[in-house]
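Read the structure below first, then the notes.
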Amino acid sequence: MSTSHVNPVHPVAHSFQNRAEVECNDSCACFHCYARVAPTDIRLWKDSDDLNDEDSGALRDDAGPFRGMTATCPRCEYDSVIGSASGYELSDDFLHLLHNHWQITKHDT
Ligand SMILES: [Zn+2]
């Protein structure tokens, strides 16, 4: 499959609140630092959906009371992890496409 016609908005959305999807992947990749990671390597999560969590953007491991829903990369700790279960082939070209898109849209957050 050619990745040149993929609109990066859609796969980038798979990096947000993607816990259920990430945990059923064989492999994941980070489009910030291009690390290839196994789902079991992901220890830190953010964006818990618990209404009692007053700092849902904080990185958390599963030892705490709140369970984050967005995977963060074990190497760079950015929330830029996408899994193969998203339906996209995680080729280098594809990751570069997402990286460039993400730099533009998420730079200030
Ligand atoms: Zn990374």
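How things are named: the first chain in the structure tokens is A, the next is B, and so on; residues count from 1 in each chain; ligands count from 1 in the order shown.
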Got a sec to check which residues lie within 9 Å of ligand 1, using only C-alpha atoms and all ligand atoms, and send them as a list in words?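 Listing the residues within 9 Å of ligand 1 gives Ala29, Cys30, Phe31, His32, Cys33, Tyr34, Ala35, Arg36, Val37, Thr72, Cys73, Pro74, Arg75, Cys76, Glu77, Tyr78, Asp79, Ser80 and Val81 of chain A.
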Enumerate as an NGL selection string all residues of chain A assigned to strand (DSSP E) by DSSP on the backbone, naming them with the chain letters and numbers the document uses. :A and (28-30 or 36-37 or 45-46 or 70-71 or 81-83)
Measuring atom to atom with only C-alpha atoms, identify which of A:Thr105, A:Thr40, A:Asn25, A:Ser56 is nearest to Thr70 of chain A. A:Ser56
Residues near Ser86 of chain A, anyone? I mean within 9 Å using only C-alpha atoms, not counting same-chain ones fewer than 6 positions away, as number ranges by chain. A: 11, 14, 21-22, 25
Counting only C-alpha atoms, the option among A:Glu23, A:Leu59, A:Met69, A:Gly64 closest to Ser84 of chain A: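 Closest to Ser84 of chain A, using only C-alpha atoms: A:Glu23.
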